[in-house]
Amino acid sequence: MSDAAPSPCPVVRARSILQKVRAHGDEWFGIDYNMNLYRGCCHGCIYCDSRSECYRIDDFGQVSVKFDALAILRRELRSRRVRGVVGIGAMSDTYNPFERELRVTRGALELVEEFGFGVSVDTKSTLVTRDADLLSAIGRVGGAIAKVTVTTADDELARIIEPHAPSPSERFAALAELADAGVFCGVLFTPTLPWVTDDDATIRGVVEGAAAAGARFVFHMTGVTMRDRQREHFLERIAAVDPALPERYRTAYGERYFCNSPRANENRSLFRALCKKHGLLWRMSDIVKAYKPAQPIGTQGSLF
């Protein structure tokens with residue numbers, strides 16, 4: 001995949017960068033806040049839920065940067081009396097090609113470190129390795145976790161379902177680089193596409209690839225979500241894997257939001273056995289406990 005990006009990056013206005021997670025933060029890697037510095041994503045993953053109507057992003061494939069994001073973030077971090085873990089990259093990959101020049105994500109990580117917060121990063125981009133030094137430094141104080149999404153170890157299949165993202169091979173190499181730098185890192189093995197990536201070979205390929213790269217964990221979900229306009233987008237493109245799949249999905253799942261694999265039980269059994277064999281964490285509670293500081297991050301009383 002080319003690192004080249006058109007210039008300049010479109011700009012959108014934003015009133016806020018940091019949003020408090022109101023509930024269930026511990027169910028997603030123990031995050032306390034969410035942060036999105038960019039809008040949209042250029043990976044082109046056919047299953048991405050962020051394309052759904054409820055997020056109100058009409059041209060999701062167009063990446064835009066939020067105007068004055070770092071100034072807004074500095075103000076918001078300074079005003080928070082309670083520090084916590086900031087989740088980044090859930091809606092759109094913060095390490096898009098524009099980031100190589102703009103360095104907004106790196107600037108945000110510098111602010112996270114300055115104010116003593118922790119960070120939880122989701123990405124498919126190999127550019128995350130650029131910031132291994134910051135992630136390692138943040139991890140020593142506020143806690144840091146880097147999650148590299150890998151849905152299949154098959155580079156050819158990935159070109160169809162994640163057409164503009166780095167290949168799984170490249171992502172495993174980035175994971176190894178993070179691990180070598182002392183960053184607490186692992187694999188987001190999600191989503192699972194029924195009849196596409198729910199076979200035993202895929203489970204083995206992802207878990208064994210993670211273990212070989214030095215990952216500390218693999219987190220796995222056994223299905224894929226689909227709603228409103230995202231459903232038709234997905235069904236149109238999954239036909240490139242097998243023309244019979246769109247009708248198979250419609251018959252099996254209809255308008256259902258969570259489409260669980262018919263092999264979910266088999267998937268979970270093999271997945272957990274392989275994680276145990278390779279010494280990988282897989283339970284959310286164990287992963288959170290392993291990367292978060294032993295003592296609560298606490299308050300910023302000295303700033304007031």
# chains A, B, ... in the order shown; residues from 1 in each chain; ligands from 1
>>> residues_around(residues="Ala90 in chain A", least_positions_apart="5", cutoff="9 Å", atoms="only C-alpha atoms", output="compact mmCIF listing (two decimals) with C-alpha atoms, in the first residue's frame")
# COMPACT_ATOMS: atom_id res chain seq x y z
CA ASN A 34 -13.10 8.87 23.54
CA MET A 35 -11.18 11.07 21.14
CA ASN A 36 -11.43 11.42 17.36
CA SER A 50 -18.87 3.73 11.16
CA VAL A 121 -5.28 3.01 20.44
CA ASP A 122 -7.13 1.05 17.73
CA THR A 123 -5.51 0.94 14.27
>>> residues_around(residues="Ala212 in chain A", least_positions_apart="2", cutoff="10 Å", atoms="only C-alpha atoms", output="JSON, numbers by chain")
{"A": [172, 173, 175, 176, 206, 207, 208, 209, 210, 214, 215, 278]}
>>> residues_around(residues="Leu235 in chain A", least_positions_apart="6", cutoff="10 Å", atoms="only C-alpha atoms", output="PyMOL selection string")
chain A and resi 46-47+226+243+245-250
>>> write_last_selection(atoms="C-alpha atoms", output="CSV table (one decimal), in the first residue's frame")
chain,number,residue,atom,x,y,z
A,46,ILE,CA,-16.3,-3.4,3.6
A,47,TYR,CA,-17.7,-4.2,7.1
A,226,MET,CA,-24.8,-4.5,10.0
A,243,PRO,CA,-21.4,-14.4,-5.4
A,245,LEU,CA,-22.8,-14.7,-0.1
A,246,PRO,CA,-25.2,-11.7,-0.3
A,247,GLU,CA,-28.3,-13.9,-0.6
A,248,ARG,CA,-26.9,-16.3,2.1
A,249,TYR,CA,-26.6,-13.3,4.5
A,250,ARG,CA,-30.0,-12.0,3.7
>>> residues_around(residues="Ala174 in chain A", least_positions_apart="4", cutoff="7 Å", atoms="only C-alpha atoms", output="PyMOL selection string")
chain A and resi 126+129+170+178
>>> residues_around(residues="Cys259 in chain A", least_positions_apart="3", cutoff="9 Å", atoms="only C-alpha atoms", output="list in words")
Leu193, Pro194, Thr222, Gly223, Val224, Thr225, Met226, Tyr249, Ala252, Tyr253 and Arg256 of chain A
>>> write_last_selection(atoms="all heavy atoms", output="compact mmCIF listing (two decimals), in the first residue's frame")
# COMPACT_ATOMS: atom_id res chain seq x y z
N LEU A 193 -16.41 -12.53 9.82
CA LEU A 193 -17.40 -12.57 8.75
C LEU A 193 -17.87 -14.01 8.53
O LEU A 193 -17.07 -14.87 8.14
CB LEU A 193 -16.81 -12.03 7.44
CG LEU A 193 -16.15 -10.64 7.51
CD1 LEU A 193 -15.73 -10.19 6.12
CD2 LEU A 193 -17.07 -9.62 8.16
N PRO A 194 -19.13 -14.31 8.84
CA PRO A 194 -19.65 -15.67 8.64
C PRO A 194 -19.38 -16.18 7.22
O PRO A 194 -19.53 -15.44 6.25
CB PRO A 194 -21.15 -15.51 8.90
CG PRO A 194 -21.24 -14.36 9.87
CD PRO A 194 -20.16 -13.41 9.43
N THR A 222 -17.17 -13.01 17.48
CA THR A 222 -17.50 -14.08 16.54
C THR A 222 -18.53 -13.68 15.48
O THR A 222 -19.10 -14.55 14.82
CB THR A 222 -18.04 -15.30 17.30
OG1 THR A 222 -19.20 -14.93 18.05
CG2 THR A 222 -16.98 -15.87 18.23
N GLY A 223 -18.78 -12.40 15.30
CA GLY A 223 -19.74 -11.99 14.29
C GLY A 223 -19.42 -10.61 13.73
O GLY A 223 -18.37 -10.03 14.01
N VAL A 224 -20.36 -10.09 12.94
CA VAL A 224 -20.21 -8.78 12.31
C VAL A 224 -21.52 -8.01 12.50
O VAL A 224 -22.60 -8.61 12.55
CB VAL A 224 -19.87 -8.91 10.82
CG1 VAL A 224 -20.98 -9.62 10.04
CG2 VAL A 224 -19.55 -7.56 10.18
N THR A 225 -21.43 -6.69 12.64
CA THR A 225 -22.63 -5.87 12.77
C THR A 225 -23.00 -5.26 11.43
O THR A 225 -22.14 -4.92 10.62
CB THR A 225 -22.41 -4.73 13.80
OG1 THR A 225 -21.31 -3.92 13.39
CG2 THR A 225 -22.12 -5.30 15.18
N MET A 226 -24.32 -5.13 11.21
CA MET A 226 -24.81 -4.51 9.98
C MET A 226 -26.09 -3.75 10.29
O MET A 226 -26.97 -4.27 10.97
CB MET A 226 -25.08 -5.57 8.91
CG MET A 226 -23.83 -6.14 8.27
SD MET A 226 -24.20 -7.09 6.79
CE MET A 226 -24.89 -8.57 7.52
N TYR A 249 -26.44 -14.24 3.35
CA TYR A 249 -26.55 -13.33 4.50
C TYR A 249 -27.99 -12.86 4.68
O TYR A 249 -28.51 -12.81 5.79
CB TYR A 249 -25.64 -12.11 4.31
CG TYR A 249 -24.24 -12.30 4.86
CD1 TYR A 249 -23.24 -12.91 4.11
CD2 TYR A 249 -23.92 -11.84 6.13
CE1 TYR A 249 -21.96 -13.07 4.61
CE2 TYR A 249 -22.64 -11.99 6.64
CZ TYR A 249 -21.66 -12.60 5.87
OH TYR A 249 -20.39 -12.76 6.38
N ALA A 252 -30.09 -15.69 6.14
CA ALA A 252 -29.73 -16.08 7.50
C ALA A 252 -29.99 -14.98 8.53
O ALA A 252 -30.39 -15.26 9.67
CB ALA A 252 -28.26 -16.50 7.56
N TYR A 253 -29.80 -13.71 8.13
CA TYR A 253 -29.80 -12.63 9.12
C TYR A 253 -30.86 -11.56 8.91
O TYR A 253 -31.18 -10.82 9.85
CB TYR A 253 -28.41 -11.97 9.17
CG TYR A 253 -27.31 -12.93 9.50
CD1 TYR A 253 -26.35 -13.27 8.55
CD2 TYR A 253 -27.24 -13.53 10.75
CE1 TYR A 253 -25.32 -14.16 8.87
CE2 TYR A 253 -26.23 -14.42 11.07
CZ TYR A 253 -25.27 -14.74 10.12
OH TYR A 253 -24.27 -15.63 10.43
N ARG A 256 -31.16 -8.19 10.96
CA ARG A 256 -30.52 -8.31 12.27
C ARG A 256 -29.26 -7.44 12.35
O ARG A 256 -28.49 -7.34 11.40
CB ARG A 256 -30.15 -9.78 12.51
CG ARG A 256 -29.85 -10.14 13.96
CD ARG A 256 -29.55 -11.61 14.08
NE ARG A 256 -30.63 -12.42 13.50
CZ ARG A 256 -30.52 -13.75 13.31
NH1 ARG A 256 -29.40 -14.38 13.62
NH2 ARG A 256 -31.53 -14.41 12.80
>>> select_by_dssp(residues="range 46-292 of chain A", states="helix (DSSP H, G or I)", output="ChimeraX atom specification")
/A:49-51,53-55,69-79,99-102,104-114,126-141,155-161,168-180,200-213,228-238,245-253,264-278,284-291
>>> atom_distance(atom1="CA of Leu102 in chain A", atom2="CA of Ile31 in chain A")
25.5 Å
>>> closest_residue(among="A:Leu109, A:Ile138, A:Leu18, A:Cys185", to="Pro293 in chain A", atoms="only C-alpha atoms")
A:Ile138
>>> residues_around(residues="range 92-99 of chain A", least_positions_apart="6", cutoff="12 Å", atoms="only C-alpha atoms", output="PyMOL selection string")
chain A and resi 1-11+34-45+48-51+55+57+60-66+105-109+120-131+147-149+164-166
>>> closest_residue(among="A:Pro191, A:Thr197, A:Glu232, A:Phe219", to="Trp28 in chain A", atoms="only C-alpha atoms")
A:Phe219
>>> residues_around(residues="Asn265 in chain A", least_positions_apart="3", cutoff="12 Å", atoms="only C-alpha atoms", output="PyMOL selection string")
chain A and resi 198-200+221-223+260-262+268-272
>>> atom_distance(atom1="CA of Arg159 in chain A", atom2="CA of Tyr257 in chain A")
25.0 Å
>>> closest_residue(among="A:Arg204, A:Arg231, A:Arg80, A:His220", to="Leu188 in chain A", atoms="only C-alpha atoms")
A:His220
>>> atom_distance(atom1="CA of Ile145 in chain A", atom2="CA of Lys292 in chain A")
8.5 Å
>>> closest_residue(among="A:Glu177, A:Pro163, A:Asp154, A:His233", to="Val196 in chain A", atoms="only C-alpha atoms")
A:Asp154
>>> decode(residues="range 187-215 of chain A", atoms="N, CA, C and O atoms", output="PDB file, in the first residue's frame")
ATOM      1  N   VAL A 187      -3.784  -7.925  19.353  1.00  0.00           N
ATOM      2  CA  VAL A 187      -4.595  -7.968  18.142  1.00  0.00           C
ATOM      3  C   VAL A 187      -6.076  -7.842  18.475  1.00  0.00           C
ATOM      4  O   VAL A 187      -6.578  -8.513  19.374  1.00  0.00           O
ATOM      5  N   LEU A 188      -6.757  -6.972  17.736  1.00  0.00           N
ATOM      6  CA  LEU A 188      -8.208  -6.948  17.690  1.00  0.00           C
ATOM      7  C   LEU A 188      -8.631  -7.877  16.551  1.00  0.00           C
ATOM      8  O   LEU A 188      -8.468  -7.537  15.375  1.00  0.00           O
ATOM      9  N   PHE A 189      -9.125  -9.035  16.892  1.00  0.00           N
ATOM     10  CA  PHE A 189      -9.555 -10.027  15.915  1.00  0.00           C
ATOM     11  C   PHE A 189     -11.076  -9.880  15.771  1.00  0.00           C
ATOM     12  O   PHE A 189     -11.848 -10.702  16.245  1.00  0.00           O
ATOM     13  N   THR A 190     -11.463  -8.813  15.124  1.00  0.00           N
ATOM     14  CA  THR A 190     -12.878  -8.496  14.990  1.00  0.00           C
ATOM     15  C   THR A 190     -13.072  -7.521  13.833  1.00  0.00           C
ATOM     16  O   THR A 190     -12.212  -6.648  13.639  1.00  0.00           O
ATOM     17  N   PRO A 191     -14.128  -7.653  13.036  1.00  0.00           N
ATOM     18  CA  PRO A 191     -15.192  -8.637  13.175  1.00  0.00           C
ATOM     19  C   PRO A 191     -14.820  -9.983  12.554  1.00  0.00           C
ATOM     20  O   PRO A 191     -13.792 -10.097  11.874  1.00  0.00           O
ATOM     21  N   THR A 192     -15.688 -10.962  12.784  1.00  0.00           N
ATOM     22  CA  THR A 192     -15.621 -12.246  12.092  1.00  0.00           C
ATOM     23  C   THR A 192     -16.736 -12.255  11.052  1.00  0.00           C
ATOM     24  O   THR A 192     -17.895 -11.987  11.389  1.00  0.00           O
ATOM     25  N   LEU A 193     -16.405 -12.532   9.816  1.00  0.00           N
ATOM     26  CA  LEU A 193     -17.402 -12.568   8.746  1.00  0.00           C
ATOM     27  C   LEU A 193     -17.867 -14.005   8.532  1.00  0.00           C
ATOM     28  O   LEU A 193     -17.069 -14.872   8.141  1.00  0.00           O
ATOM     29  N   PRO A 194     -19.134 -14.310   8.839  1.00  0.00           N
ATOM     30  CA  PRO A 194     -19.647 -15.667   8.636  1.00  0.00           C
ATOM     31  C   PRO A 194     -19.377 -16.176   7.224  1.00  0.00           C
ATOM     32  O   PRO A 194     -19.531 -15.444   6.245  1.00  0.00           O
ATOM     33  N   TRP A 195     -18.927 -17.427   7.141  1.00  0.00           N
ATOM     34  CA  TRP A 195     -18.614 -18.135   5.899  1.00  0.00           C
ATOM     35  C   TRP A 195     -17.430 -17.534   5.140  1.00  0.00           C
ATOM     36  O   TRP A 195     -17.139 -17.923   4.018  1.00  0.00           O
ATOM     37  N   VAL A 196     -16.718 -16.603   5.785  1.00  0.00           N
ATOM     38  CA  VAL A 196     -15.553 -15.994   5.132  1.00  0.00           C
ATOM     39  C   VAL A 196     -14.328 -16.111   6.035  1.00  0.00           C
ATOM     40  O   VAL A 196     -13.272 -16.606   5.609  1.00  0.00           O
ATOM     41  N   THR A 197     -14.443 -15.655   7.278  1.00  0.00           N
ATOM     42  CA  THR A 197     -13.296 -15.684   8.193  1.00  0.00           C
ATOM     43  C   THR A 197     -13.614 -16.434   9.485  1.00  0.00           C
ATOM     44  O   THR A 197     -12.990 -16.186  10.511  1.00  0.00           O
ATOM     45  N   ASP A 198     -14.579 -17.345   9.437  1.00  0.00           N
ATOM     46  CA  ASP A 198     -14.912 -18.108  10.648  1.00  0.00           C
ATOM     47  C   ASP A 198     -14.463 -19.565  10.558  1.00  0.00           C
ATOM     48  O   ASP A 198     -14.933 -20.428  11.298  1.00  0.00           O
ATOM     49  N   ASP A 199     -13.513 -19.849   9.675  1.00  0.00           N
ATOM     50  CA  ASP A 199     -12.974 -21.203   9.545  1.00  0.00           C
ATOM     51  C   ASP A 199     -11.784 -21.387  10.494  1.00  0.00           C
ATOM     52  O   ASP A 199     -11.190 -20.430  10.981  1.00  0.00           O
ATOM     53  N   ASP A 200     -11.436 -22.632  10.748  1.00  0.00           N
ATOM     54  CA  ASP A 200     -10.346 -22.942  11.682  1.00  0.00           C
ATOM     55  C   ASP A 200      -9.011 -22.358  11.221  1.00  0.00           C
ATOM     56  O   ASP A 200      -8.198 -21.912  12.042  1.00  0.00           O
ATOM     57  N   ALA A 201      -8.771 -22.371   9.904  1.00  0.00           N
ATOM     58  CA  ALA A 201      -7.498 -21.858   9.395  1.00  0.00           C
ATOM     59  C   ALA A 201      -7.331 -20.374   9.710  1.00  0.00           C
ATOM     60  O   ALA A 201      -6.220 -19.921  10.037  1.00  0.00           O
ATOM     61  N   THR A 202      -8.417 -19.606   9.638  1.00  0.00           N
ATOM     62  CA  THR A 202      -8.337 -18.185   9.966  1.00  0.00           C
ATOM     63  C   THR A 202      -8.039 -17.983  11.441  1.00  0.00           C
ATOM     64  O   THR A 202      -7.203 -17.154  11.813  1.00  0.00           O
ATOM     65  N   ILE A 203      -8.727 -18.733  12.293  1.00  0.00           N
ATOM     66  CA  ILE A 203      -8.495 -18.628  13.739  1.00  0.00           C
ATOM     67  C   ILE A 203      -7.025 -18.922  14.048  1.00  0.00           C
ATOM     68  O   ILE A 203      -6.356 -18.167  14.763  1.00  0.00           O
ATOM     69  N   ARG A 204      -6.520 -20.003  13.494  1.00  0.00           N
ATOM     70  CA  ARG A 204      -5.118 -20.367  13.740  1.00  0.00           C
ATOM     71  C   ARG A 204      -4.163 -19.307  13.188  1.00  0.00           C
ATOM     72  O   ARG A 204      -3.185 -18.924  13.836  1.00  0.00           O
ATOM     73  N   GLY A 205      -4.436 -18.824  11.994  1.00  0.00           N
ATOM     74  CA  GLY A 205      -3.539 -17.866  11.365  1.00  0.00           C
ATOM     75  C   GLY A 205      -3.407 -16.583  12.155  1.00  0.00           C
ATOM     76  O   GLY A 205      -2.299 -16.060  12.330  1.00  0.00           O
ATOM     77  N   VAL A 206      -4.530 -16.077  12.660  1.00  0.00           N
ATOM     78  CA  VAL A 206      -4.495 -14.813  13.400  1.00  0.00           C
ATOM     79  C   VAL A 206      -3.847 -14.995  14.770  1.00  0.00           C
ATOM     80  O   VAL A 206      -2.963 -14.225  15.164  1.00  0.00           O
ATOM     81  N   VAL A 207      -4.250 -16.027  15.504  1.00  0.00           N
ATOM     82  CA  VAL A 207      -3.701 -16.221  16.856  1.00  0.00           C
ATOM     83  C   VAL A 207      -2.216 -16.554  16.794  1.00  0.00           C
ATOM     84  O   VAL A 207      -1.406 -16.001  17.548  1.00  0.00           O
ATOM     85  N   GLU A 208      -1.836 -17.449  15.901  1.00  0.00           N
ATOM     86  CA  GLU A 208      -0.422 -17.821  15.812  1.00  0.00           C
ATOM     87  C   GLU A 208       0.419 -16.668  15.268  1.00  0.00           C
ATOM     88  O   GLU A 208       1.572 -16.480  15.683  1.00  0.00           O
ATOM     89  N   GLY A 209      -0.155 -15.867  14.371  1.00  0.00           N
ATOM     90  CA  GLY A 209       0.563 -14.680  13.891  1.00  0.00           C
ATOM     91  C   GLY A 209       0.784 -13.671  14.995  1.00  0.00           C
ATOM     92  O   GLY A 209       1.854 -13.060  15.103  1.00  0.00           O
ATOM     93  N   ALA A 210      -0.229 -13.500  15.847  1.00  0.00           N
ATOM     94  CA  ALA A 210      -0.104 -12.583  16.986  1.00  0.00           C
ATOM     95  C   ALA A 210       0.967 -13.069  17.950  1.00  0.00           C
ATOM     96  O   ALA A 210       1.807 -12.290  18.425  1.00  0.00           O
ATOM     97  N   ALA A 211       0.950 -14.354  18.242  1.00  0.00           N
ATOM     98  CA  ALA A 211       1.930 -14.913  19.179  1.00  0.00           C
ATOM     99  C   ALA A 211       3.346 -14.762  18.637  1.00  0.00           C
ATOM    100  O   ALA A 211       4.269 -14.384  19.370  1.00  0.00           O
ATOM    101  N   ALA A 212       3.532 -15.030  17.353  1.00  0.00           N
ATOM    102  CA  ALA A 212       4.863 -14.924  16.748  1.00  0.00           C
ATOM    103  C   ALA A 212       5.372 -13.489  16.769  1.00  0.00           C
ATOM    104  O   ALA A 212       6.588 -13.254  16.838  1.00  0.00           O
ATOM    105  N   ALA A 213       4.452 -12.517  16.735  1.00  0.00           N
ATOM    106  CA  ALA A 213       4.846 -11.101  16.730  1.00  0.00           C
ATOM    107  C   ALA A 213       5.148 -10.576  18.126  1.00  0.00           C
ATOM    108  O   ALA A 213       5.617  -9.439  18.265  1.00  0.00           O
ATOM    109  N   GLY A 214       4.862 -11.349  19.140  1.00  0.00           N
ATOM    110  CA  GLY A 214       5.119 -10.903  20.507  1.00  0.00           C
ATOM    111  C   GLY A 214       3.951 -10.195  21.157  1.00  0.00           C
ATOM    112  O   GLY A 214       4.122  -9.467  22.142  1.00  0.00           O
ATOM    113  N   ALA A 215       2.736 -10.411  20.627  1.00  0.00           N
ATOM    114  CA  ALA A 215       1.546  -9.799  21.204  1.00  0.00           C
ATOM    115  C   ALA A 215       1.318 -10.304  22.625  1.00  0.00           C
ATOM    116  O   ALA A 215       1.693 -11.430  22.972  1.00  0.00           O
TER     117      ALA A 215
END
